[in-house]
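Listing of coords_27.cif; format and content: mmCIF, C-alpha atoms and all ligand atoms.
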data_model
loop_
_atom_site.label_atom_id
_atom_site.label_comp_id
_atom_site.auth_asym_id
_atom_site.auth_seq_id
_atom_site.Cartn_x
_atom_site.Cartn_y
_atom_site.Cartn_z
CA MET A 1 100.29 92.87 120.23
CA THR A 2 102.84 95.11 121.86
CA GLY A 3 106.37 95.22 120.57
CA ARG A 4 108.93 97.34 118.87
CA ILE A 5 109.09 98.03 115.15
CA LEU A 6 111.61 100.14 113.24
CA VAL A 7 110.11 102.24 110.45
CA GLY A 8 112.18 103.86 107.69
CA ILE A 9 110.66 106.35 105.27
CA THR A 10 112.61 107.10 102.07
CA GLY A 11 112.12 109.51 99.20
CA ALA A 12 109.97 107.24 97.05
CA SER A 13 106.40 108.21 96.30
CA GLY A 14 103.80 106.82 98.73
CA ALA A 15 104.20 108.65 102.05
CA THR A 16 100.54 107.92 102.68
CA TYR A 17 101.39 104.20 103.01
CA ALA A 18 103.92 105.04 105.72
CA ARG A 19 101.32 107.06 107.61
CA ARG A 20 98.72 104.28 107.44
CA VAL A 21 101.21 101.63 108.59
CA MET A 22 102.28 103.86 111.49
CA GLU A 23 98.67 104.62 112.46
CA GLN A 24 97.96 100.93 112.67
CA LEU A 25 101.16 100.13 114.57
CA ALA A 26 100.18 102.79 117.08
CA GLU A 27 96.63 101.43 117.23
CA ALA A 28 98.18 98.08 118.17
CA GLN A 29 100.24 99.86 120.88
CA VAL A 30 103.51 98.99 119.14
CA GLU A 31 106.58 101.12 119.97
CA ILE A 32 107.68 102.79 116.75
CA HIS A 33 111.31 103.78 116.12
CA LEU A 34 111.31 106.06 113.12
CA THR A 35 113.99 107.40 110.82
CA VAL A 36 113.34 109.37 107.65
CA SER A 37 115.89 109.99 104.90
CA ALA A 38 116.50 113.52 103.61
CA LEU A 39 114.39 112.84 100.51
CA GLY A 40 111.83 111.07 102.68
CA LYS A 41 111.31 114.38 104.51
CA ARG A 42 110.73 116.09 101.20
CA LEU A 43 108.13 113.48 100.20
CA LEU A 44 106.37 113.86 103.58
CA PHE A 45 106.01 117.51 102.69
CA ASP A 46 105.18 117.06 99.00
CA GLU A 47 102.59 114.32 99.52
CA LEU A 48 101.25 114.86 103.06
CA GLY A 49 102.02 118.55 103.61
CA LEU A 50 104.11 117.82 106.72
CA LYS A 51 106.69 120.55 107.33
CA ARG A 52 108.57 118.32 109.80
CA VAL A 53 108.63 114.68 110.84
CA ASP A 54 105.53 114.91 113.00
CA ALA A 55 104.89 111.84 115.15
CA ASP A 56 101.32 112.84 116.02
CA ALA A 57 100.38 113.48 112.40
CA LEU A 58 101.80 110.11 111.37
CA THR A 59 99.97 108.13 114.07
CA ALA A 60 96.59 109.87 114.33
CA GLY A 61 97.61 111.53 117.59
CA ARG A 62 99.52 108.72 119.27
CA GLY A 63 102.93 110.35 118.91
CA GLU A 64 103.97 109.25 122.41
CA LEU A 65 104.62 105.79 120.93
CA VAL A 66 107.15 107.16 118.44
CA THR A 67 110.87 107.81 118.87
CA ILE A 68 112.28 109.85 116.01
CA TYR A 69 115.97 109.52 115.14
CA ASN A 70 118.09 111.91 113.12
CA ASP A 71 118.92 110.08 109.91
CA LYS A 72 122.46 111.52 109.93
CA ASP A 73 123.18 109.99 113.34
CA VAL A 74 124.58 106.61 112.38
CA GLY A 75 125.54 106.13 116.02
CA ALA A 76 121.94 106.20 117.30
CA ALA A 77 120.55 103.28 119.31
CA ILE A 78 118.88 101.57 116.33
CA ALA A 79 122.26 101.41 114.53
CA SER A 80 123.35 98.70 116.96
CA GLY A 81 122.58 95.00 116.82
CA SER A 82 122.12 95.13 120.58
CA PHE A 83 118.89 97.12 120.08
CA LEU A 84 116.22 94.43 120.30
CA HIS A 85 113.18 94.78 118.06
CA ASP A 86 110.53 92.78 116.24
CA GLY A 87 111.33 93.86 112.71
CA MET A 88 111.89 96.79 110.38
CA VAL A 89 109.86 98.08 107.48
CA ILE A 90 111.07 100.57 104.90
CA VAL A 91 107.93 102.15 103.48
CA PRO A 92 108.00 103.47 100.86
CA CYS A 93 111.39 102.09 99.81
CA SER A 94 113.20 103.91 97.01
CA SER A 95 115.32 102.29 94.37
CA ASN A 96 118.29 104.14 95.88
CA THR A 97 117.86 102.68 99.37
CA LEU A 98 117.10 99.22 97.97
CA GLY A 99 120.39 99.30 96.07
CA ALA A 100 122.39 100.63 99.00
CA VAL A 101 121.06 98.00 101.42
CA ALA A 102 121.75 95.27 98.84
CA ALA A 103 125.33 96.54 98.54
CA GLY A 104 125.88 96.86 102.28
CA ILE A 105 126.22 100.65 102.12
CA THR A 106 125.26 102.32 105.39
CA ASP A 107 125.73 106.03 104.81
CA ASN A 108 122.63 107.09 106.74
CA LEU A 109 120.88 105.74 109.83
CA LEU A 110 118.02 104.20 107.88
CA LYS A 111 120.38 102.10 105.77
CA ARG A 112 122.54 101.19 108.77
CA ALA A 113 119.47 100.05 110.75
CA ALA A 114 118.36 97.95 107.76
CA ALA A 115 121.81 96.36 107.37
CA VAL A 116 121.91 95.55 111.08
CA THR A 117 118.38 94.09 110.96
CA LEU A 118 119.57 91.76 108.20
CA LYS A 119 122.80 90.74 109.90
CA GLU A 120 120.93 90.00 113.11
CA ARG A 121 118.53 87.85 111.09
CA ARG A 122 115.53 89.94 112.09
CA ARG A 123 112.58 90.62 109.82
CA LEU A 124 113.27 93.29 107.18
CA ILE A 125 110.51 94.37 104.80
CA LEU A 126 111.22 96.65 101.85
CA ALA A 127 108.00 98.16 100.46
CA TYR A 128 109.53 99.03 97.10
CA ARG A 129 108.03 101.79 94.93
CA GLU A 130 109.33 102.33 91.47
CA THR A 131 108.03 101.35 88.08
CA PRO A 132 109.14 99.82 85.91
CA ALA A 133 111.59 97.91 88.08
CA GLY A 134 114.93 98.13 86.27
CA HIS A 135 117.24 95.16 85.84
CA ILE A 136 119.60 96.44 88.54
CA ASP A 137 116.72 96.75 91.04
CA ILE A 138 115.57 93.23 90.16
CA CYS A 139 119.09 91.87 90.79
CA ASN A 140 119.22 93.81 94.07
CA MET A 141 115.85 92.38 95.09
CA GLN A 142 117.14 88.88 94.45
CA ARG A 143 120.27 89.56 96.52
CA LEU A 144 118.20 90.97 99.39
CA SER A 145 115.68 88.15 99.24
CA GLU A 146 118.52 85.61 99.41
CA ALA A 147 119.84 87.47 102.46
CA GLY A 148 116.46 87.04 104.18
CA ALA A 149 114.71 90.33 103.42
CA ILE A 150 111.10 90.45 102.22
CA ILE A 151 110.45 92.52 99.11
CA ALA A 152 106.87 93.84 99.24
CA PRO A 153 106.23 96.04 96.18
CA LEU A 154 103.56 98.68 96.81
CA SER A 155 101.11 97.02 94.50
CA PRO A 156 97.59 96.83 95.94
CA GLY A 157 95.12 94.19 94.80
CA PHE A 158 91.72 95.03 93.34
CA TYR A 159 89.86 91.84 94.19
CA LEU A 160 88.16 93.38 97.22
CA HIS A 161 86.57 96.03 94.97
CA PRO A 162 88.23 99.14 96.43
CA LYS A 163 86.03 102.24 96.32
CA SER A 164 88.61 104.85 97.25
CA ILE A 165 92.31 105.57 97.38
CA GLU A 166 92.08 104.92 101.12
CA ASP A 167 90.86 101.37 100.40
CA LEU A 168 93.90 100.76 98.20
CA VAL A 169 96.26 102.20 100.81
CA ASP A 170 94.62 100.09 103.52
CA PHE A 171 95.08 96.96 101.43
CA MET A 172 98.84 97.49 101.21
CA ALA A 173 99.17 98.67 104.80
CA GLY A 174 97.32 95.54 105.93
CA ARG A 175 99.60 93.26 103.94
CA ILE A 176 102.66 94.97 105.45
CA LEU A 177 101.24 94.58 108.97
CA ASP A 178 100.63 90.90 108.26
CA LEU A 179 104.28 90.56 107.27
CA LEU A 180 105.31 92.30 110.49
CA GLY A 181 103.07 90.00 112.51
CA VAL A 182 100.97 92.90 113.83
CA GLU A 183 97.23 92.37 114.22
CA HIS A 184 94.91 94.80 112.45
CA ASP A 185 91.35 95.02 111.21
CA LEU A 186 92.03 96.52 107.80
CA SER A 187 90.11 94.95 105.00
CA THR A 188 92.58 92.69 103.18
CA ARG A 189 91.20 89.18 103.36
CA TRP A 190 89.81 87.45 100.31
CA GLU A 191 88.31 84.76 102.50
CA GLU A 192 86.18 87.31 104.41
CA TYR A 193 85.16 89.08 101.22
CA GLN A 194 84.06 85.82 99.65
CA ALA A 195 82.01 84.98 102.73
CA GLN A 196 80.26 88.38 102.59
CA GLN A 197 79.46 87.97 98.91
CA ARG A 198 78.31 84.39 99.46
CA MET A 199 80.14 83.46 96.31
CA PRO A 200 79.99 79.85 95.18
CA THR A 201 83.32 78.15 95.75
C1 LIG A 301 108.63 113.89 94.06
C2 LIG A 301 109.60 112.75 93.99
C3 LIG A 301 109.13 111.47 93.82
C4 LIG A 301 110.03 110.39 93.76
N1 LIG A 301 109.52 109.12 93.63
C5 LIG A 301 110.36 108.07 93.64
C6 LIG A 301 109.84 106.74 93.59
O1 LIG A 301 108.63 106.51 93.56
N2 LIG A 301 110.73 105.72 93.63
C7 LIG A 301 112.08 105.91 93.71
O2 LIG A 301 112.82 104.94 93.75
N3 LIG A 301 112.60 107.18 93.75
C8 LIG A 301 111.78 108.25 93.72
N4 LIG A 301 112.28 109.52 93.79
C9 LIG A 301 113.74 109.70 93.76
C10 LIG A 301 114.36 109.50 95.15
O3 LIG A 301 113.85 110.47 96.05
C11 LIG A 301 115.88 109.67 95.03
O4 LIG A 301 116.42 108.57 94.32
C12 LIG A 301 116.58 109.78 96.36
O5 LIG A 301 117.96 109.76 96.14
C13 LIG A 301 116.19 108.70 97.32
O6 LIG A 301 116.94 108.86 98.50
P1 LIG A 301 116.65 107.95 99.78
O7 LIG A 301 116.67 106.55 99.32
O8 LIG A 301 117.81 108.26 100.70
O9 LIG A 301 115.37 108.41 100.35
C14 LIG A 301 111.41 110.62 93.86
C15 LIG A 301 111.88 111.92 94.06
C16 LIG A 301 110.99 112.96 94.14
C17 LIG A 301 111.52 114.36 94.37
#
Output the file's structure as structure tokens, nothing else.
Amino acid sequence: MTGRILVGITGASGATYARRVMEQLAEAQVEIHLTVSALGKRLLFDELGLKRVDADALTAGRGELVTIYNDKDVGAAIASGSFLHDGMVIVPCSSNTLGAVAAGITDNLLKRAAAVTLKERRRLILAYRETPAGHIDICNMQRLSEAGAIIAPLSPGFYLHPKSIEDLVDFMAGRILDLLGVEHDLSTRWEEYQAQQRMPT
């Protein structure tokens, strides 16, 4: 597939998920339009050691596919409904950004792009990361889901017998790519696992 996907990275834990999703988008030759919140930048540093938003480091060297936008620039191209794209994923998505998008607050570019994606009835995926999910977050998830967004908690499955953290990250990244409609060969499919194990059905 080729296409155009918006990626938002917020200050929730799980920057490694964002990197894996972006690597796979780049592998699929998808144009990536990236914006990172202020706390998202901190988490890129804390969890991945990135001192700046580094397109090459986030795509295994395919940075030419990435356009990075300043999160303070709410007038950037992706803030407009006229910017055509195939969907947006916020990964990881903080409780703060979830709440703001649910309330229609657009005080940074990431939130504005998400609000516009919703109003234009395009695919919006929020890969939520907080636990436990408080009542307010649950209400916000319901509101967003009713508005057409997909809530995809970062909650990997264990039925494929993961052997490493990378396996767990790949599972979630694969599920997110499925939701975006982007082909990948990450190991996520129960059907294939069952076939390999020759399990009785
Ligand atoms: C090290 C660290 C880890 C954090 N992890 C989470 C998290 O997993 N989920 C969450 O909702 N907020 C988390 N936060 C808090 C958010 O960063 C904070 O609410 C921030 O306002 C989010 O801003 P943003 O939504 O604009 O990125 C974390 C903060 C730090 C410093």
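If you look at atom CA of A:Asp73 and atom CA of A:Cys139, they are 29.2 Å away from each other.
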Set out as JSON lines a contact list for chain A and ligand LIG 301 (chain A) with a cut-off of 10 Å, giving each residue of chain A that qualifies its closest atom pair and distance in Å to one decimal, counting only C-alpha atoms and all ligand atoms, ordered by chain and rising residue number.
{"residue": "A:Gly8", "atom": "CA", "partner": "A:LIG301", "partner_atom": "O9", "distance": 9.2}
{"residue": "A:Ile9", "atom": "CA", "partner": "A:LIG301", "partner_atom": "O9", "distance": 7.1}
{"residue": "A:Thr10", "atom": "CA", "partner": "A:LIG301", "partner_atom": "O9", "distance": 3.5}
{"residue": "A:Gly11", "atom": "CA", "partner": "A:LIG301", "partner_atom": "O9", "distance": 3.6}
{"residue": "A:Ala12", "atom": "CA", "partner": "A:LIG301", "partner_atom": "C6", "distance": 3.5}
{"residue": "A:Ser13", "atom": "CA", "partner": "A:LIG301", "partner_atom": "O1", "distance": 3.9}
{"residue": "A:Gly14", "atom": "CA", "partner": "A:LIG301", "partner_atom": "O1", "distance": 7.1}
{"residue": "A:Ala15", "atom": "CA", "partner": "A:LIG301", "partner_atom": "O1", "distance": 9.8}
{"residue": "A:Val36", "atom": "CA", "partner": "A:LIG301", "partner_atom": "O9", "distance": 7.6}
{"residue": "A:Ser37", "atom": "CA", "partner": "A:LIG301", "partner_atom": "O9", "distance": 4.8}
{"residue": "A:Ala38", "atom": "CA", "partner": "A:LIG301", "partner_atom": "O8", "distance": 6.2}
{"residue": "A:Leu39", "atom": "CA", "partner": "A:LIG301", "partner_atom": "O9", "distance": 4.5}
{"residue": "A:Gly40", "atom": "CA", "partner": "A:LIG301", "partner_atom": "O9", "distance": 5.0}
{"residue": "A:Lys41", "atom": "CA", "partner": "A:LIG301", "partner_atom": "O9", "distance": 8.3}
{"residue": "A:Arg42", "atom": "CA", "partner": "A:LIG301", "partner_atom": "C17", "distance": 7.1}
{"residue": "A:Leu43", "atom": "CA", "partner": "A:LIG301", "partner_atom": "C1", "distance": 6.2}
{"residue": "A:Leu44", "atom": "CA", "partner": "A:LIG301", "partner_atom": "C1", "distance": 9.8}
{"residue": "A:Phe45", "atom": "CA", "partner": "A:LIG301", "partner_atom": "C1", "distance": 9.7}
{"residue": "A:Asp46", "atom": "CA", "partner": "A:LIG301", "partner_atom": "C1", "distance": 6.8}
{"residue": "A:Glu47", "atom": "CA", "partner": "A:LIG301", "partner_atom": "C1", "distance": 8.2}
{"residue": "A:Asp71", "atom": "CA", "partner": "A:LIG301", "partner_atom": "O8", "distance": 9.5}
{"residue": "A:Ile90", "atom": "CA", "partner": "A:LIG301", "partner_atom": "O7", "distance": 9.9}
{"residue": "A:Pro92", "atom": "CA", "partner": "A:LIG301", "partner_atom": "O1", "distance": 7.9}
{"residue": "A:Cys93", "atom": "CA", "partner": "A:LIG301", "partner_atom": "O2", "distance": 6.8}
{"residue": "A:Ser94", "atom": "CA", "partner": "A:LIG301", "partner_atom": "O2", "distance": 3.4}
{"residue": "A:Ser95", "atom": "CA", "partner": "A:LIG301", "partner_atom": "O2", "distance": 3.7}
{"residue": "A:Asn96", "atom": "CA", "partner": "A:LIG301", "partner_atom": "O7", "distance": 4.5}
{"residue": "A:Thr97", "atom": "CA", "partner": "A:LIG301", "partner_atom": "O7", "distance": 4.0}
{"residue": "A:Leu98", "atom": "CA", "partner": "A:LIG301", "partner_atom": "O7", "distance": 7.5}
{"residue": "A:Gly99", "atom": "CA", "partner": "A:LIG301", "partner_atom": "O7", "distance": 8.8}
{"residue": "A:Ala100", "atom": "CA", "partner": "A:LIG301", "partner_atom": "O7", "distance": 8.2}
{"residue": "A:Val101", "atom": "CA", "partner": "A:LIG301", "partner_atom": "O7", "distance": 9.8}
{"residue": "A:Asp107", "atom": "CA", "partner": "A:LIG301", "partner_atom": "O8", "distance": 9.2}
{"residue": "A:Asn108", "atom": "CA", "partner": "A:LIG301", "partner_atom": "O8", "distance": 7.8}
{"residue": "A:Leu109", "atom": "CA", "partner": "A:LIG301", "partner_atom": "O8", "distance": 10.0}
{"residue": "A:Leu110", "atom": "CA", "partner": "A:LIG301", "partner_atom": "O8", "distance": 8.3}
{"residue": "A:Lys111", "atom": "CA", "partner": "A:LIG301", "partner_atom": "O8", "distance": 8.4}
{"residue": "A:Tyr128", "atom": "CA", "partner": "A:LIG301", "partner_atom": "O2", "distance": 7.5}
{"residue": "A:Arg129", "atom": "CA", "partner": "A:LIG301", "partner_atom": "N2", "distance": 4.9}
{"residue": "A:Glu130", "atom": "CA", "partner": "A:LIG301", "partner_atom": "N2", "distance": 4.3}
{"residue": "A:Thr131", "atom": "CA", "partner": "A:LIG301", "partner_atom": "O1", "distance": 7.6}
{"residue": "A:Pro132", "atom": "CA", "partner": "A:LIG301", "partner_atom": "N2", "distance": 9.8}
{"residue": "A:Ala133", "atom": "CA", "partner": "A:LIG301", "partner_atom": "O2", "distance": 9.1}
{"residue": "A:Asp137", "atom": "CA", "partner": "A:LIG301", "partner_atom": "O2", "distance": 9.5}
{"residue": "A:Leu154", "atom": "CA", "partner": "A:LIG301", "partner_atom": "O1", "distance": 9.9}
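Atom CA of A:Leu118 sits 6.9 Å away from atom CA of A:Gly148.
Using only C-alpha atoms, the shortest contact distance between A:Met22 and any of A:Leu48, A:Val91, A:Ala102, A:Leu186 is found at A:Val91.
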(request) Do a neighbour search on A:Leu6 at 10 Å with only C-alpha atoms, toss out local chain neighbours closer than 2 positions, and write the hits as a ChimeraX atom specification. (result) /A:4,8,31-35,66-67,78,85-90,110,113-114,117,124
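Of note, atom CA of A:Leu65 and atom CA of A:Val7 are spaced 12.4 Å apart.
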Within 9 Å of A:Ala55, counting only C-alpha atoms, which residues show up once you throw out same-chain ones fewer than 2 positions away? Write them as an mmCIF file with C-alpha atoms, in the frame of the given file, please.
data_model
loop_
_atom_site.group_PDB
_atom_site.id
_atom_site.type_symbol
_atom_site.label_atom_id
_atom_site.label_comp_id
_atom_site.auth_asym_id
_atom_site.auth_seq_id
_atom_site.Cartn_x
_atom_site.Cartn_y
_atom_site.Cartn_z
ATOM 1 C CA LEU A 34 111.310 106.060 113.120
ATOM 2 C CA VAL A 53 108.630 114.680 110.840
ATOM 3 C CA ALA A 57 100.380 113.480 112.400
ATOM 4 C CA LEU A 58 101.800 110.110 111.370
ATOM 5 C CA THR A 59 99.970 108.130 114.070
ATOM 6 C CA ALA A 60 96.590 109.870 114.330
ATOM 7 C CA GLY A 61 97.610 111.530 117.590
ATOM 8 C CA ARG A 62 99.520 108.720 119.270
ATOM 9 C CA GLY A 63 102.930 110.350 118.910
ATOM 10 C CA GLU A 64 103.970 109.250 122.410
ATOM 11 C CA LEU A 65 104.620 105.790 120.930
ATOM 12 C CA VAL A 66 107.150 107.160 118.440
ATOM 13 C CA THR A 67 110.870 107.810 118.870
ATOM 14 C CA ILE A 68 112.280 109.850 116.010
#
Where atoms are lacking, stretch 103-138 of chain A completed to N, CA and C atoms, as a PDB file, in the coordinates of the input:
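Dumped everything to rebuild_27.pdb:
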ATOM      1  N   ALA A 103     123.865  96.452  98.671  1.00  0.00           N
ATOM      2  CA  ALA A 103     125.330  96.540  98.540  1.00  0.00           C
ATOM      3  C   ALA A 103     126.026  96.671  99.886  1.00  0.00           C
ATOM      4  N   GLY A 104     125.262  96.719 100.957  1.00  0.00           N
ATOM      5  CA  GLY A 104     125.880  96.860 102.280  1.00  0.00           C
ATOM      6  C   GLY A 104     126.354  98.260 102.587  1.00  0.00           C
ATOM      7  N   ILE A 105     125.814  99.246 101.879  1.00  0.00           N
ATOM      8  CA  ILE A 105     126.220 100.650 102.120  1.00  0.00           C
ATOM      9  C   ILE A 105     125.344 101.232 103.228  1.00  0.00           C
ATOM     10  N   THR A 106     125.993 101.852 104.197  1.00  0.00           N
ATOM     11  CA  THR A 106     125.260 102.320 105.390  1.00  0.00           C
ATOM     12  C   THR A 106     125.577 103.789 105.658  1.00  0.00           C
ATOM     13  N   ASP A 107     125.340 104.628 104.651  1.00  0.00           N
ATOM     14  CA  ASP A 107     125.730 106.030 104.810  1.00  0.00           C
ATOM     15  C   ASP A 107     124.644 106.917 105.404  1.00  0.00           C
ATOM     16  N   ASN A 108     123.555 106.344 105.874  1.00  0.00           N
ATOM     17  CA  ASN A 108     122.630 107.090 106.740  1.00  0.00           C
ATOM     18  C   ASN A 108     122.052 106.089 107.756  1.00  0.00           C
ATOM     19  N   LEU A 109     121.346 106.616 108.749  1.00  0.00           N
ATOM     20  CA  LEU A 109     120.880 105.740 109.830  1.00  0.00           C
ATOM     21  C   LEU A 109     119.875 104.701 109.336  1.00  0.00           C
ATOM     22  N   LEU A 110     119.039 105.117 108.400  1.00  0.00           N
ATOM     23  CA  LEU A 110     118.020 104.200 107.880  1.00  0.00           C
ATOM     24  C   LEU A 110     118.694 102.959 107.265  1.00  0.00           C
ATOM     25  N   LYS A 111     119.693 103.218 106.435  1.00  0.00           N
ATOM     26  CA  LYS A 111     120.380 102.100 105.770  1.00  0.00           C
ATOM     27  C   LYS A 111     121.164 101.262 106.777  1.00  0.00           C
ATOM     28  N   ARG A 112     121.789 101.922 107.733  1.00  0.00           N
ATOM     29  CA  ARG A 112     122.540 101.190 108.770  1.00  0.00           C
ATOM     30  C   ARG A 112     121.572 100.285 109.573  1.00  0.00           C
ATOM     31  N   ALA A 113     120.432 100.843 109.961  1.00  0.00           N
ATOM     32  CA  ALA A 113     119.470 100.050 110.750  1.00  0.00           C
ATOM     33  C   ALA A 113     118.989  98.851 109.928  1.00  0.00           C
ATOM     34  N   ALA A 114     118.810  99.055 108.629  1.00  0.00           N
ATOM     35  CA  ALA A 114     118.360  97.950 107.760  1.00  0.00           C
ATOM     36  C   ALA A 114     119.452  96.879 107.670  1.00  0.00           C
ATOM     37  N   ALA A 115     120.693  97.314 107.478  1.00  0.00           N
ATOM     38  CA  ALA A 115     121.810  96.360 107.370  1.00  0.00           C
ATOM     39  C   ALA A 115     121.943  95.557 108.660  1.00  0.00           C
ATOM     40  N   VAL A 116     121.777  96.233 109.782  1.00  0.00           N
ATOM     41  CA  VAL A 116     121.910  95.550 111.080  1.00  0.00           C
ATOM     42  C   VAL A 116     120.743  94.573 111.275  1.00  0.00           C
ATOM     43  N   THR A 117     119.551  94.983 110.863  1.00  0.00           N
ATOM     44  CA  THR A 117     118.380  94.090 110.960  1.00  0.00           C
ATOM     45  C   THR A 117     118.658  92.801 110.191  1.00  0.00           C
ATOM     46  N   LEU A 118     119.241  92.942 109.013  1.00  0.00           N
ATOM     47  CA  LEU A 118     119.570  91.760 108.200  1.00  0.00           C
ATOM     48  C   LEU A 118     120.630  90.897 108.858  1.00  0.00           C
ATOM     49  N   LYS A 119     121.689  91.537 109.331  1.00  0.00           N
ATOM     50  CA  LYS A 119     122.800  90.740 109.900  1.00  0.00           C
ATOM     51  C   LYS A 119     122.365  90.028 111.171  1.00  0.00           C
ATOM     52  N   GLU A 120     121.424  90.634 111.888  1.00  0.00           N
ATOM     53  CA  GLU A 120     120.930  90.000 113.110  1.00  0.00           C
ATOM     54  C   GLU A 120     119.829  88.983 112.817  1.00  0.00           C
ATOM     55  N   ARG A 121     119.557  88.799 111.518  1.00  0.00           N
ATOM     56  CA  ARG A 121     118.530  87.850 111.090  1.00  0.00           C
ATOM     57  C   ARG A 121     117.153  88.198 111.638  1.00  0.00           C
ATOM     58  N   ARG A 122     116.879  89.515 111.707  1.00  0.00           N
ATOM     59  CA  ARG A 122     115.530  89.940 112.090  1.00  0.00           C
ATOM     60  C   ARG A 122     114.760  90.241 110.802  1.00  0.00           C
ATOM     61  N   ARG A 123     113.447  90.423 110.985  1.00  0.00           N
ATOM     62  CA  ARG A 123     112.580  90.620 109.820  1.00  0.00           C
ATOM     63  C   ARG A 123     112.817  92.006 109.203  1.00  0.00           C
ATOM     64  N   LEU A 124     113.106  92.021 107.895  1.00  0.00           N
ATOM     65  CA  LEU A 124     113.270  93.290 107.180  1.00  0.00           C
ATOM     66  C   LEU A 124     112.357  93.287 105.961  1.00  0.00           C
ATOM     67  N   ILE A 125     111.470  94.278 105.904  1.00  0.00           N
ATOM     68  CA  ILE A 125     110.510  94.370 104.800  1.00  0.00           C
ATOM     69  C   ILE A 125     110.798  95.644 104.011  1.00  0.00           C
ATOM     70  N   LEU A 126     110.991  95.483 102.702  1.00  0.00           N
ATOM     71  CA  LEU A 126     111.220  96.650 101.850  1.00  0.00           C
ATOM     72  C   LEU A 126     110.000  96.833 100.955  1.00  0.00           C
ATOM     73  N   ALA A 127     109.217  97.870 101.245  1.00  0.00           N
ATOM     74  CA  ALA A 127     108.000  98.160 100.460  1.00  0.00           C
ATOM     75  C   ALA A 127     108.415  99.055  99.294  1.00  0.00           C
ATOM     76  N   TYR A 128     108.902  98.385  98.273  1.00  0.00           N
ATOM     77  CA  TYR A 128     109.530  99.030  97.100  1.00  0.00           C
ATOM     78  C   TYR A 128     108.506  99.794  96.271  1.00  0.00           C
ATOM     79  N   ARG A 129     108.917 100.994  95.797  1.00  0.00           N
ATOM     80  CA  ARG A 129     108.030 101.790  94.930  1.00  0.00           C
ATOM     81  C   ARG A 129     108.835 102.414  93.805  1.00  0.00           C
ATOM     82  N   GLU A 130     108.797 101.757  92.716  1.00  0.00           N
ATOM     83  CA  GLU A 130     109.330 102.330  91.470  1.00  0.00           C
ATOM     84  C   GLU A 130     108.734 101.506  90.349  1.00  0.00           C
ATOM     85  N   THR A 131     108.513 102.125  89.219  1.00  0.00           N
ATOM     86  CA  THR A 131     108.030 101.350  88.080  1.00  0.00           C
ATOM     87  C   THR A 131     108.476 102.009  86.781  1.00  0.00           C
ATOM     88  N   PRO A 132     108.924 101.262  85.806  1.00  0.00           N
ATOM     89  CA  PRO A 132     109.140  99.820  85.910  1.00  0.00           C
ATOM     90  C   PRO A 132     110.339  99.524  86.812  1.00  0.00           C
ATOM     91  N   ALA A 133     110.426  98.316  87.291  1.00  0.00           N
ATOM     92  CA  ALA A 133     111.590  97.910  88.080  1.00  0.00           C
ATOM     93  C   ALA A 133     112.711  97.600  87.091  1.00  0.00           C
ATOM     94  N   GLY A 134     113.809  98.353  87.186  1.00  0.00           N
ATOM     95  CA  GLY A 134     114.930  98.130  86.270  1.00  0.00           C
ATOM     96  C   GLY A 134     115.674  96.843  86.612  1.00  0.00           C
ATOM     97  N   HIS A 135     116.508  96.420  85.652  1.00  0.00           N
ATOM     98  CA  HIS A 135     117.240  95.160  85.840  1.00  0.00           C
ATOM     99  C   HIS A 135     118.102  95.196  87.104  1.00  0.00           C
ATOM    100  N   ILE A 136     118.719  96.343  87.361  1.00  0.00           N
ATOM    101  CA  ILE A 136     119.600  96.440  88.540  1.00  0.00           C
ATOM    102  C   ILE A 136     118.775  96.282  89.818  1.00  0.00           C
ATOM    103  N   ASP A 137     117.593  96.915  89.858  1.00  0.00           N
ATOM    104  CA  ASP A 137     116.720  96.750  91.040  1.00  0.00           C
ATOM    105  C   ASP A 137     116.309  95.281  91.195  1.00  0.00           C
ATOM    106  N   ILE A 138     116.007  94.635  90.088  1.00  0.00           N
ATOM    107  CA  ILE A 138     115.570  93.230  90.160  1.00  0.00           C
ATOM    108  C   ILE A 138     116.710  92.354  90.715  1.00  0.00           C
TER     109      ILE A 138
END
